[in-house]
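Below: the structure, in structure tokens.
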Amino acid sequence: MASCAHCGTEFSAGAVGERFCCRGCEYVAELIAEQGFEQFYALKQGLAVAPVRSRPFEEHDYSWLGPKVLEAERRAGDHGGAARLELRLEGISCVGCVWLVEKLFARYPGSLRAAAHPASGRVHLEWVPGQCALEPFLRELCQFGYVAAPAGATGGDRAARHLTARLGLCGAFALNTMAFSLPVYLGMSEDFEFAGLFQLIAFLSATLALLVGGGYFMDRAWRAVRAGSLHIDLPIALGLMAGYLGSVAGWVLGSERLMYFDFVSIFVFLMLGGRYLQTMAVERNRRRLVRQHPVPAAVPRAADPDITVGRENIVPGLRFLLDPGQALPVSGVLAADEADFSLEWIYGEAAAVRFAAGSRLPAGAILLSRTRAVVEADDRWENSLLEKLTAPASDERRAPGLDQLLRIYLIGVLLAGVLALAFWGWRGAWLTGVQAMISVFVVSCPCALGVAIPLADDMAAAAMERVGVFVRSATLWPRLQRVRRVIFDKTGTLTLERPVLENPDAVCGLDDAAALALARLTRSSLHPAARSLLETLGNRGQKLLAKEGPGEPREFPGRGVCVMTGDDQWSLGKAGWAGDGSDAAADGPPASELRMNGQLRASFCFRESLRPGALAMLRSLERNGLSLHILSGDHPAKVQQLARVLGLPLDRALGGLSPEEKAARVQELDCQDTLYLGDGANDSLAFDAALVTGTPVVDRSLLESKADFYLLGSGLTFLPGLLGTAAARAAAVRAAFGFALVYNFTTVVISMAGRMSPLLAAILMPLSSIASILIVATISRRKSPNNS
């Protein structure tokens, strides 16, 4: 395995060479060197960041930017001073990115400040109103592998901010409580002048900690109980309530043995810290992508494009416009002209399909032509297959066996507490019994695991980020432990989403005139072959476009595209096509040809290619005893041919499946042990049926919002490592559980004997958390497959 010279991601050396994992990283690295920004790599300090992929070669719609700039400058005019705007930024991940964004913005006249935040995935811009052009800056930013989008607060953003605020406040409350409880432990006499004030401050601080931080766990525990489920927050809530109510009773009765105010505050802070670590890692990966959803929320009317219709209001007979790159929300008929569509989302077939006027289009067909298509709807959104395929992901999947484990744990804790109360009560020492019961509930809280498990999750997620895999679900790791079969989609999952150019020397050998023509012909194209050619041109093509302009290509659906450069007509299309309205030769080879005035200048051959490392990955999974399957909407013959190449049993490779048939097959195979890896809308229903789901992020993907993890690299060698990382994480958690059992048993025995004082509890709790953290960190590093 090599490491990409730009992003640091591990990859299998192949078509792009030995130094870069993708054409995007190669292009950005050249750009950074040319513009003297090499300090980016020094600041990155070897950290692996997300691969660039095709971002620098994509066309991005910034029509949303103008109104936001006007609003920002209007606010600046009302209040005086600089205009301010906050945007989401895809691709930002380290201090090197922060430095690069600031340097780029500083070169624009009127710019004042750019503050990028990798943790939140946002950038804050300030400029002199009316004197700074933001759109050129954002387009240049895209050349370096970043993509900007409107900020738009999400539910995850709000939850993260609330959790951060709770953590900060509870940290202050914990310090307060400890400061005013410590004098009691150091022997402060009861008749000290400020003793009552100290206890009052400790009570108020613990109360505020319980309300601000403890309420987070109590609310989640109560909602889980109401839903008929158990949650790790339930024993946390039980311990907090027991500690707080016992402390209040002890304060009223004047019994220091029952006063756990400092424990309550410290415990809330530690548990919130662990939850913050776990939540922020997941939310950071959920916010990492800012690409727009391919299914439009609204479409313009064909008769009046200024009027839009929400997709839920589309009715049969309505004529509307579909923009390039968008997916058809409902089935319909192409009302005029010809257009190329991709049916990969529905049938798994990657090749572009030509449709003539009057042809019926299935919902989910993606427009590949450069101009809008006029479509007449013949269905409603609520009846559309796409409505089911794009339904939001279900709630967070539970970790298998967790409910049963928590049930046993809670029953044991409750029995131990009640037995301690009954024993001491039988002996006539009711106060000692109450202290013993409260102590059992307090010390048996999963404080060590509440910090150690989030740490194990974070270390596992960080290990996978180094190979371009990003976790979206907090419960992924325990579910991965149950995986015994892996199911793959074919096109875009086992194979690359775009065809591979077999003869890249044909592009490198073009003179500047031909290279400029090819760049103009492929720029803004959504055809997979054209995208591959544009990326192969790389920095050279982008420089020529910047110097000479993009030209005005003319498209002939199903044939190709042509453009005038001076007095010469250049065309790129099917073999034998002369750049006019005629069809290509029926018996031409499967290639694309670049022609000048009808004369052949270059021929480009493409092939469908497996993702790098696919064969090695499959053999590794088989050695580990996993059962492998392929479920595809592509033609059965192609699927069987791929199975032969991969050495998989033909009866486990099924093609020609509809989305419903895929989901039904997954349900037949799944015994709560299936991992499904897919990339298209036709995999969405199968996602809902599988235990674990993952997706490679492609140009027009939508499954990253439903998947447990997503992949930004191009290879598949990560998969054995992902399962190995889950095993390493499980070993670390088992060791932490073992320590927790010994700790809980010891402290519960001490508590039941009536020997657990608030001071001892306050000392043991952070010590046990530190010990658990050290155990998890040590075992995770030692057993991680990336460290072996």
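Identifiers in the structure tokens: chain A, B, ... in order shown; residue index from 1 per chain; ligand index from 1 in order shown.
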
Show which residues sit within 7 Å of segment 243-254 of chain A, as an mmCIF file with N, CA and C atoms, in the first residue's frame. Count only C-alpha atoms, and ignore same-chain residues fewer than 4 positions away.
data_model
loop_
_atom_site.group_PDB
_atom_site.id
_atom_site.type_symbol
_atom_site.label_atom_id
_atom_site.label_comp_id
_atom_site.auth_asym_id
_atom_site.auth_seq_id
_atom_site.Cartn_x
_atom_site.Cartn_y
_atom_site.Cartn_z
ATOM 1 N N GLY A 239 -28.083 6.463 38.603
ATOM 2 C CA GLY A 239 -27.033 6.847 39.534
ATOM 3 C C GLY A 239 -27.072 8.328 39.877
ATOM 4 N N LEU A 258 -24.281 10.846 53.377
ATOM 5 C CA LEU A 258 -25.200 10.757 52.240
ATOM 6 C C LEU A 258 -24.982 11.865 51.209
ATOM 7 N N MET A 259 -24.013 12.728 51.440
ATOM 8 C CA MET A 259 -23.868 13.914 50.584
ATOM 9 C C MET A 259 -22.864 13.647 49.467
ATOM 10 N N TYR A 260 -23.409 13.447 48.255
ATOM 11 C CA TYR A 260 -22.620 13.139 47.059
ATOM 12 C C TYR A 260 -22.693 14.282 46.036
ATOM 13 N N PHE A 261 -22.825 15.499 46.501
ATOM 14 C CA PHE A 261 -22.975 16.620 45.562
ATOM 15 C C PHE A 261 -21.788 16.712 44.600
ATOM 16 N N VAL A 264 -22.039 13.988 41.927
ATOM 17 C CA VAL A 264 -23.038 14.289 40.900
ATOM 18 C C VAL A 264 -22.453 15.231 39.846
ATOM 19 N N ILE A 438 -27.711 3.934 48.352
ATOM 20 C CA ILE A 438 -27.335 5.055 47.481
ATOM 21 C C ILE A 438 -25.921 4.847 46.937
ATOM 22 N N VAL A 442 -24.730 4.705 43.092
ATOM 23 C CA VAL A 442 -23.785 5.729 42.625
ATOM 24 C C VAL A 442 -22.559 5.086 41.997
#

**Request:** Could you give me, as a list in words, the residues within 9 Å of segment 297-299 of chain A, counting only C-alpha atoms and dropping anything in the same chain fewer than 5 positions from it?
**Result:** Pro305, Ile307, Thr308, Val309, Gly310, Arg311, Glu312, Asn313, Ile314, Phe320, Leu321, Leu322, Asp323 and Pro329 of chain A

For the selection just defined, write its residues with N, CA, C and O atoms to a file, as a PDB file, in the first residue's frame.
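This went into selection00.pdb:
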ATOM      1  N   PRO A 305     -40.910  29.161 -16.769  1.00  0.00           N
ATOM      2  CA  PRO A 305     -39.817  28.672 -15.905  1.00  0.00           C
ATOM      3  C   PRO A 305     -39.641  29.453 -14.610  1.00  0.00           C
ATOM      4  O   PRO A 305     -38.976  28.962 -13.692  1.00  0.00           O
ATOM      5  N   ILE A 307     -41.914  30.005 -12.534  1.00  0.00           N
ATOM      6  CA  ILE A 307     -42.816  29.387 -11.564  1.00  0.00           C
ATOM      7  C   ILE A 307     -42.379  27.942 -11.340  1.00  0.00           C
ATOM      8  O   ILE A 307     -42.236  27.181 -12.293  1.00  0.00           O
ATOM      9  N   THR A 308     -42.137  27.592 -10.076  1.00  0.00           N
ATOM     10  CA  THR A 308     -41.717  26.234  -9.761  1.00  0.00           C
ATOM     11  C   THR A 308     -42.838  25.469  -9.064  1.00  0.00           C
ATOM     12  O   THR A 308     -43.709  26.061  -8.421  1.00  0.00           O
ATOM     13  N   VAL A 309     -42.782  24.164  -9.216  1.00  0.00           N
ATOM     14  CA  VAL A 309     -43.773  23.269  -8.609  1.00  0.00           C
ATOM     15  C   VAL A 309     -43.040  22.285  -7.718  1.00  0.00           C
ATOM     16  O   VAL A 309     -42.093  21.622  -8.156  1.00  0.00           O
ATOM     17  N   GLY A 310     -43.423  22.199  -6.449  1.00  0.00           N
ATOM     18  CA  GLY A 310     -42.827  21.216  -5.555  1.00  0.00           C
ATOM     19  C   GLY A 310     -43.081  19.812  -6.065  1.00  0.00           C
ATOM     20  O   GLY A 310     -44.140  19.533  -6.651  1.00  0.00           O
ATOM     21  N   ARG A 311     -42.122  18.926  -5.871  1.00  0.00           N
ATOM     22  CA  ARG A 311     -42.264  17.582  -6.426  1.00  0.00           C
ATOM     23  C   ARG A 311     -43.487  16.870  -5.866  1.00  0.00           C
ATOM     24  O   ARG A 311     -44.071  16.017  -6.548  1.00  0.00           O
ATOM     25  N   GLU A 312     -43.886  17.222  -4.626  1.00  0.00           N
ATOM     26  CA  GLU A 312     -45.079  16.582  -4.063  1.00  0.00           C
ATOM     27  C   GLU A 312     -46.363  17.079  -4.725  1.00  0.00           C
ATOM     28  O   GLU A 312     -47.428  16.475  -4.550  1.00  0.00           O
ATOM     29  N   ASN A 313     -46.267  18.174  -5.506  1.00  0.00           N
ATOM     30  CA  ASN A 313     -47.443  18.724  -6.187  1.00  0.00           C
ATOM     31  C   ASN A 313     -47.469  18.408  -7.671  1.00  0.00           C
ATOM     32  O   ASN A 313     -48.329  18.900  -8.399  1.00  0.00           O
ATOM     33  N   ILE A 314     -46.521  17.607  -8.158  1.00  0.00           N
ATOM     34  CA  ILE A 314     -46.526  17.205  -9.572  1.00  0.00           C
ATOM     35  C   ILE A 314     -47.726  16.290  -9.834  1.00  0.00           C
ATOM     36  O   ILE A 314     -47.984  15.354  -9.068  1.00  0.00           O
ATOM     37  N   PHE A 320     -42.782  20.020 -17.236  1.00  0.00           N
ATOM     38  CA  PHE A 320     -41.803  20.747 -16.430  1.00  0.00           C
ATOM     39  C   PHE A 320     -40.414  20.564 -17.035  1.00  0.00           C
ATOM     40  O   PHE A 320     -40.198  19.738 -17.935  1.00  0.00           O
ATOM     41  N   LEU A 321     -39.464  21.351 -16.520  1.00  0.00           N
ATOM     42  CA  LEU A 321     -38.082  21.323 -17.002  1.00  0.00           C
ATOM     43  C   LEU A 321     -37.199  20.566 -16.020  1.00  0.00           C
ATOM     44  O   LEU A 321     -37.305  20.755 -14.809  1.00  0.00           O
ATOM     45  N   LEU A 322     -36.338  19.730 -16.554  1.00  0.00           N
ATOM     46  CA  LEU A 322     -35.382  18.992 -15.748  1.00  0.00           C
ATOM     47  C   LEU A 322     -33.984  19.491 -16.094  1.00  0.00           C
ATOM     48  O   LEU A 322     -33.593  19.513 -17.265  1.00  0.00           O
ATOM     49  N   ASP A 323     -33.235  19.925 -15.080  1.00  0.00           N
ATOM     50  CA  ASP A 323     -31.895  20.458 -15.303  1.00  0.00           C
ATOM     51  C   ASP A 323     -30.875  19.342 -15.464  1.00  0.00           C
ATOM     52  O   ASP A 323     -31.052  18.232 -14.945  1.00  0.00           O
ATOM     53  N   PRO A 329     -37.987  13.112 -10.852  1.00  0.00           N
ATOM     54  CA  PRO A 329     -38.680  12.710  -9.622  1.00  0.00           C
ATOM     55  C   PRO A 329     -39.827  11.729  -9.843  1.00  0.00           C
ATOM     56  O   PRO A 329     -40.110  10.909  -8.969  1.00  0.00           O
TER      57      PRO A 329
END

Contacts of Thr746 of chain A within 12 Å, only C-alpha atoms, excl. fewer than 2 positions in-chain, as a PDB file with all heavy atoms, in the first residue's frame:
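Just written: result_15.pdb:
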ATOM      1  N   VAL A 440     -24.404   2.028  46.361  1.00  0.00           N
ATOM      2  CA  VAL A 440     -24.448   1.008  45.311  1.00  0.00           C
ATOM      3  C   VAL A 440     -24.892   1.622  43.988  1.00  0.00           C
ATOM      4  O   VAL A 440     -24.280   1.385  42.932  1.00  0.00           O
ATOM      5  CB  VAL A 440     -25.391  -0.145  45.714  1.00  0.00           C
ATOM      6  CG1 VAL A 440     -25.665  -1.051  44.513  1.00  0.00           C
ATOM      7  CG2 VAL A 440     -24.788  -0.946  46.846  1.00  0.00           C
ATOM      8  N   VAL A 443     -21.918   4.165  42.734  1.00  0.00           N
ATOM      9  CA  VAL A 443     -20.638   3.633  42.246  1.00  0.00           C
ATOM     10  C   VAL A 443     -20.823   2.643  41.108  1.00  0.00           C
ATOM     11  O   VAL A 443     -19.876   2.347  40.373  1.00  0.00           O
ATOM     12  CB  VAL A 443     -19.847   2.970  43.388  1.00  0.00           C
ATOM     13  CG1 VAL A 443     -19.553   3.968  44.479  1.00  0.00           C
ATOM     14  CG2 VAL A 443     -20.582   1.747  43.936  1.00  0.00           C
ATOM     15  N   SER A 444     -22.036   2.083  40.950  1.00  0.00           N
ATOM     16  CA  SER A 444     -22.253   1.124  39.863  1.00  0.00           C
ATOM     17  C   SER A 444     -22.617   1.799  38.560  1.00  0.00           C
ATOM     18  O   SER A 444     -22.838   1.123  37.549  1.00  0.00           O
ATOM     19  CB  SER A 444     -23.367   0.133  40.249  1.00  0.00           C
ATOM     20  OG  SER A 444     -24.585   0.828  40.476  1.00  0.00           O
ATOM     21  N   PHE A 739     -12.378  -4.777  33.320  1.00  0.00           N
ATOM     22  CA  PHE A 739     -11.956  -3.896  34.409  1.00  0.00           C
ATOM     23  C   PHE A 739     -13.166  -3.338  35.148  1.00  0.00           C
ATOM     24  O   PHE A 739     -13.175  -3.253  36.383  1.00  0.00           O
ATOM     25  CB  PHE A 739     -11.112  -2.751  33.853  1.00  0.00           C
ATOM     26  CG  PHE A 739     -10.868  -1.651  34.845  1.00  0.00           C
ATOM     27  CD1 PHE A 739      -9.941  -1.796  35.863  1.00  0.00           C
ATOM     28  CD2 PHE A 739     -11.596  -0.461  34.774  1.00  0.00           C
ATOM     29  CE1 PHE A 739      -9.738  -0.788  36.790  1.00  0.00           C
ATOM     30  CE2 PHE A 739     -11.399   0.561  35.692  1.00  0.00           C
ATOM     31  CZ  PHE A 739     -10.462   0.395  36.712  1.00  0.00           C
ATOM     32  N   ALA A 740     -14.209  -2.951  34.371  1.00  0.00           N
ATOM     33  CA  ALA A 740     -15.407  -2.385  34.995  1.00  0.00           C
ATOM     34  C   ALA A 740     -16.090  -3.398  35.908  1.00  0.00           C
ATOM     35  O   ALA A 740     -16.608  -3.046  36.977  1.00  0.00           O
ATOM     36  CB  ALA A 740     -16.375  -1.897  33.919  1.00  0.00           C
ATOM     37  N   LEU A 741     -16.102  -4.681  35.494  1.00  0.00           N
ATOM     38  CA  LEU A 741     -16.701  -5.708  36.350  1.00  0.00           C
ATOM     39  C   LEU A 741     -15.953  -5.833  37.673  1.00  0.00           C
ATOM     40  O   LEU A 741     -16.564  -5.906  38.751  1.00  0.00           O
ATOM     41  CB  LEU A 741     -16.700  -7.056  35.617  1.00  0.00           C
ATOM     42  CG  LEU A 741     -17.725  -7.219  34.500  1.00  0.00           C
ATOM     43  CD1 LEU A 741     -17.510  -8.535  33.770  1.00  0.00           C
ATOM     44  CD2 LEU A 741     -19.141  -7.143  35.050  1.00  0.00           C
ATOM     45  N   VAL A 742     -14.609  -5.864  37.589  1.00  0.00           N
ATOM     46  CA  VAL A 742     -13.814  -5.957  38.819  1.00  0.00           C
ATOM     47  C   VAL A 742     -14.028  -4.718  39.683  1.00  0.00           C
ATOM     48  O   VAL A 742     -14.234  -4.811  40.913  1.00  0.00           O
ATOM     49  CB  VAL A 742     -12.317  -6.112  38.478  1.00  0.00           C
ATOM     50  CG1 VAL A 742     -11.459  -6.053  39.739  1.00  0.00           C
ATOM     51  CG2 VAL A 742     -12.081  -7.427  37.739  1.00  0.00           C
ATOM     52  N   TYR A 743     -14.011  -3.553  39.036  1.00  0.00           N
ATOM     53  CA  TYR A 743     -14.200  -2.295  39.773  1.00  0.00           C
ATOM     54  C   TYR A 743     -15.583  -2.250  40.421  1.00  0.00           C
ATOM     55  O   TYR A 743     -15.731  -1.927  41.604  1.00  0.00           O
ATOM     56  CB  TYR A 743     -14.022  -1.119  38.811  1.00  0.00           C
ATOM     57  CG  TYR A 743     -14.567   0.193  39.328  1.00  0.00           C
ATOM     58  CD1 TYR A 743     -13.864   0.940  40.271  1.00  0.00           C
ATOM     59  CD2 TYR A 743     -15.800   0.678  38.881  1.00  0.00           C
ATOM     60  CE1 TYR A 743     -14.379   2.135  40.750  1.00  0.00           C
ATOM     61  CE2 TYR A 743     -16.318   1.866  39.351  1.00  0.00           C
ATOM     62  CZ  TYR A 743     -15.600   2.597  40.286  1.00  0.00           C
ATOM     63  OH  TYR A 743     -16.109   3.774  40.770  1.00  0.00           O
ATOM     64  N   ASN A 744     -16.624  -2.565  39.647  1.00  0.00           N
ATOM     65  CA  ASN A 744     -17.983  -2.494  40.177  1.00  0.00           C
ATOM     66  C   ASN A 744     -18.195  -3.513  41.302  1.00  0.00           C
ATOM     67  O   ASN A 744     -18.854  -3.212  42.304  1.00  0.00           O
ATOM     68  CB  ASN A 744     -19.005  -2.713  39.057  1.00  0.00           C
ATOM     69  CG  ASN A 744     -19.256  -1.455  38.254  1.00  0.00           C
ATOM     70  OD1 ASN A 744     -18.944  -0.356  38.702  1.00  0.00           O
ATOM     71  ND2 ASN A 744     -19.809  -1.610  37.056  1.00  0.00           N
ATOM     72  N   VAL A 748     -19.108  -2.180  44.873  1.00  0.00           N
ATOM     73  CA  VAL A 748     -20.436  -2.554  45.371  1.00  0.00           C
ATOM     74  C   VAL A 748     -20.319  -3.289  46.705  1.00  0.00           C
ATOM     75  O   VAL A 748     -21.111  -3.067  47.632  1.00  0.00           O
ATOM     76  CB  VAL A 748     -21.185  -3.408  44.327  1.00  0.00           C
ATOM     77  CG1 VAL A 748     -22.397  -4.088  44.952  1.00  0.00           C
ATOM     78  CG2 VAL A 748     -21.630  -2.543  43.152  1.00  0.00           C
ATOM     79  N   VAL A 749     -19.320  -4.166  46.824  1.00  0.00           N
ATOM     80  CA  VAL A 749     -19.105  -4.864  48.111  1.00  0.00           C
ATOM     81  C   VAL A 749     -18.789  -3.860  49.210  1.00  0.00           C
ATOM     82  O   VAL A 749     -19.332  -3.929  50.321  1.00  0.00           O
ATOM     83  CB  VAL A 749     -17.977  -5.900  47.963  1.00  0.00           C
ATOM     84  CG1 VAL A 749     -17.561  -6.428  49.339  1.00  0.00           C
ATOM     85  CG2 VAL A 749     -18.425  -7.055  47.079  1.00  0.00           C
ATOM     86  N   ILE A 750     -17.908  -2.895  48.901  1.00  0.00           N
ATOM     87  CA  ILE A 750     -17.580  -1.867  49.894  1.00  0.00           C
ATOM     88  C   ILE A 750     -18.825  -1.052  50.248  1.00  0.00           C
ATOM     89  O   ILE A 750     -19.072  -0.733  51.415  1.00  0.00           O
ATOM     90  CB  ILE A 750     -16.469  -0.934  49.354  1.00  0.00           C
ATOM     91  CG1 ILE A 750     -15.168  -1.714  49.162  1.00  0.00           C
ATOM     92  CG2 ILE A 750     -16.237   0.252  50.286  1.00  0.00           C
ATOM     93  CD1 ILE A 750     -14.064  -0.923  48.490  1.00  0.00           C
ATOM     94  N   SER A 751     -19.648  -0.742  49.218  1.00  0.00           N
ATOM     95  CA  SER A 751     -20.859   0.049  49.457  1.00  0.00           C
ATOM     96  C   SER A 751     -21.860  -0.715  50.305  1.00  0.00           C
ATOM     97  O   SER A 751     -22.465  -0.165  51.236  1.00  0.00           O
ATOM     98  CB  SER A 751     -21.494   0.444  48.117  1.00  0.00           C
ATOM     99  OG  SER A 751     -20.623   1.256  47.364  1.00  0.00           O
ATOM    100  N   MET A 752     -22.067  -2.003  49.990  1.00  0.00           N
ATOM    101  CA  MET A 752     -23.025  -2.795  50.752  1.00  0.00           C
ATOM    102  C   MET A 752     -22.578  -2.976  52.198  1.00  0.00           C
ATOM    103  O   MET A 752     -23.405  -3.166  53.091  1.00  0.00           O
ATOM    104  CB  MET A 752     -23.224  -4.166  50.088  1.00  0.00           C
ATOM    105  CG  MET A 752     -23.886  -4.076  48.718  1.00  0.00           C
ATOM    106  SD  MET A 752     -24.137  -5.687  47.936  1.00  0.00           S
ATOM    107  CE  MET A 752     -25.486  -6.340  48.941  1.00  0.00           C
ATOM    108  N   ALA A 753     -21.256  -2.896  52.408  1.00  0.00           N
ATOM    109  CA  ALA A 753     -20.746  -2.991  53.783  1.00  0.00           C
ATOM    110  C   ALA A 753     -20.865  -1.668  54.520  1.00  0.00           C
ATOM    111  O   ALA A 753     -20.496  -1.594  55.699  1.00  0.00           O
ATOM    112  CB  ALA A 753     -19.289  -3.442  53.750  1.00  0.00           C
ATOM    113  N   ARG A 755     -19.227   1.105  53.830  1.00  0.00           N
ATOM    114  CA  ARG A 755     -17.924   1.740  53.973  1.00  0.00           C
ATOM    115  C   ARG A 755     -17.610   2.732  52.851  1.00  0.00           C
ATOM    116  O   ARG A 755     -16.508   3.276  52.839  1.00  0.00           O
ATOM    117  CB  ARG A 755     -16.832   0.666  53.976  1.00  0.00           C
ATOM    118  CG  ARG A 755     -16.974  -0.359  55.080  1.00  0.00           C
ATOM    119  CD  ARG A 755     -16.759   0.270  56.439  1.00  0.00           C
ATOM    120  NE  ARG A 755     -16.809  -0.719  57.522  1.00  0.00           N
ATOM    121  CZ  ARG A 755     -16.662  -0.415  58.797  1.00  0.00           C
ATOM    122  NH1 ARG A 755     -16.455   0.842  59.149  1.00  0.00           N
ATOM    123  NH2 ARG A 755     -16.723  -1.356  59.725  1.00  0.00           N
ATOM    124  N   MET A 756     -18.542   2.961  51.931  1.00  0.00           N
ATOM    125  CA  MET A 756     -18.292   3.862  50.809  1.00  0.00           C
ATOM    126  C   MET A 756     -18.669   5.287  51.212  1.00  0.00           C
ATOM    127  O   MET A 756     -19.843   5.630  51.322  1.00  0.00           O
ATOM    128  CB  MET A 756     -19.090   3.441  49.564  1.00  0.00           C
ATOM    129  CG  MET A 756     -18.860   4.330  48.356  1.00  0.00           C
ATOM    130  SD  MET A 756     -17.156   4.336  47.754  1.00  0.00           S
ATOM    131  CE  MET A 756     -16.996   2.659  47.157  1.00  0.00           C
ATOM    132  N   LEU A 764     -12.579   7.479  43.500  1.00  0.00           N
ATOM    133  CA  LEU A 764     -12.553   6.277  42.672  1.00  0.00           C
ATOM    134  C   LEU A 764     -13.121   6.500  41.273  1.00  0.00           C
ATOM    135  O   LEU A 764     -12.634   5.906  40.303  1.00  0.00           O
ATOM    136  CB  LEU A 764     -13.347   5.158  43.366  1.00  0.00           C
ATOM    137  CG  LEU A 764     -12.693   4.537  44.599  1.00  0.00           C
ATOM    138  CD1 LEU A 764     -13.630   3.517  45.223  1.00  0.00           C
ATOM    139  CD2 LEU A 764     -11.361   3.883  44.234  1.00  0.00           C
ATOM    140  N   SER A 768     -11.094   5.422  38.034  1.00  0.00           N
ATOM    141  CA  SER A 768     -11.550   4.293  37.212  1.00  0.00           C
ATOM    142  C   SER A 768     -11.700   4.710  35.759  1.00  0.00           C
ATOM    143  O   SER A 768     -11.409   3.926  34.840  1.00  0.00           O
ATOM    144  CB  SER A 768     -12.882   3.760  37.752  1.00  0.00           C
ATOM    145  OG  SER A 768     -13.921   4.709  37.581  1.00  0.00           O
TER     146      SER A 768
END

**Asked** If you run DSSP on the backbone, which residues of segment 490-714 of chain A are strand (DSSP E or B), as a PyMOL selection string?
**Response** chain A and resi 495+500-501+554-556+560-565+568-574+591-596+599-607+610+627-631+653-654+674-677+692-696+709-711

**In segment 523-759 of chain A, DSSP helix (DSSP H, G or I) residues written as a PyMOL selection string** = chain A and resi 528-548+614-623+636-646+650-652+659-669+681-689+703-705+718-752+758-759

Within 12 Å of segment 18-27 of chain A, which residues of segment 52-131 of chain A come that close, and what is the closest atom pair and distance in Å for each? Count only C-alpha atoms and give it as a tab-separated table.
residue	atom	partner	partner_atom	distance
A:Val52	CA	A:Gly24	CA	5.1
A:Arg53	CA	A:Gly24	CA	4.6
A:Ser54	CA	A:Gly24	CA	5.3
A:Arg55	CA	A:Gly24	CA	6.8
A:Pro56	CA	A:Gly24	CA	6.4
A:Phe57	CA	A:Gly24	CA	7.8
A:Glu58	CA	A:Gly24	CA	10.4
A:Gly91	CA	A:Cys25	CA	11.7

**Request:** Identify, on the basis of only C-alpha atoms, every residue whose closest approach to segment 667-683 of chain A does not exceed 6 Å; exclude the query and any residue fewer than 3 positions from it along the same chain; express the result as a VMD selection string.
**Result:** chain A and resid 345 to 346 389 482 to 489 493 659 664 686 689 to 695

**Within 7 Å of Ala115 of chain A using only C-alpha atoms, minus same-chain residues under 5 positions, as a list in words** =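 Within the cut-off, the hits are Glu102, Val123, His124 and Leu125 of chain A.
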
**Message:** So that I can check the surroundings of segment 215-217 of chain A, please list as a ChimeraX atom specification every protein, DNA and RNA residue that reaches within 12 Å of it, counting only C-alpha atoms and ignoring chain neighbours fewer than 3 positions away.
**Reply:** /A:159,162-167,170,207-212,220-224,231-241,267-269,271-272,275-276,450

**Message:** Env of Gln278 of chain A: 7 Å cut, atoms = only C-alpha atoms, seq-sep filter 4 positions within chain, self excluded. Answer as a ChimeraX atom specification.
**Reply:** /A:274,282,454,457-458

**Request:** Figure out the distance between atom CA of Ala2 of chain A and atom CA of Val95 of chain A, please, to one decimal in Å.
**Result:**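 Separation of atom CA of Val95 of chain A and atom CA of Ala2 of chain A: 23.5 Å.
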
**Request:** Work out how far atom CA of Cys508 of chain A is from atom CA of Lys574 of chain A, in Å to one decimal.
**Result:** 20.4 Å

**Request:** Quote the spacing between atom CA of Ala452 of chain A and atom CA of Ala731 of chain A in Å to one decimal place.
**Result:** 12.4 Å

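Compared by their closest atoms to Leu711 of chain A, and using only C-alpha atoms, the residues A:Ala50, A:Gln599, A:Leu141, A:Leu455 rank with A:Ala50 nearest.
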
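Distance check against Arg623 of chain A using only C-alpha atoms: of A:Pro51, A:Pro720, A:Gly468, A:Gly332, the minimum falls on A:Pro720.
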
**Prompt:** For Leu716 of chain A, which residue out of A:Arg466, A:Arg611, A:Arg665, A:Arg257 is the nearest one, using only C-alpha atoms?
**Reply:**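 Closest to Leu716 of chain A, using only C-alpha atoms: A:Arg611.
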
Sorted by chain and rising residue number, which residues of segment 587-644 of chain A lie within 12 Å of segment 511-525 of chain A, and what are their closest atom pairs and distances in Å to one decimal, counting only C-alpha atoms, as a Markdown table?
| residue | atom | partner | partner_atom | distance |
| --- | --- | --- | --- | --- |
| A:Ser592 | CA | A:Leu518 | CA | 11.5 |
| A:Glu593 | CA | A:Leu518 | CA | 10.3 |
| A:Leu594 | CA | A:Leu518 | CA | 7.5 |
| A:Arg595 | CA | A:Ala514 | CA | 9.0 |
| A:Met596 | CA | A:Ala514 | CA | 8.4 |
| A:Asn597 | CA | A:Ala514 | CA | 11.9 |
| A:Leu600 | CA | A:Ala514 | CA | 11.1 |
| A:Arg601 | CA | A:Ala514 | CA | 7.9 |
| A:Ala602 | CA | A:Ala514 | CA | 9.0 |
| A:Ser603 | CA | A:Leu518 | CA | 11.7 |
| A:Phe604 | CA | A:Leu518 | CA | 11.5 |
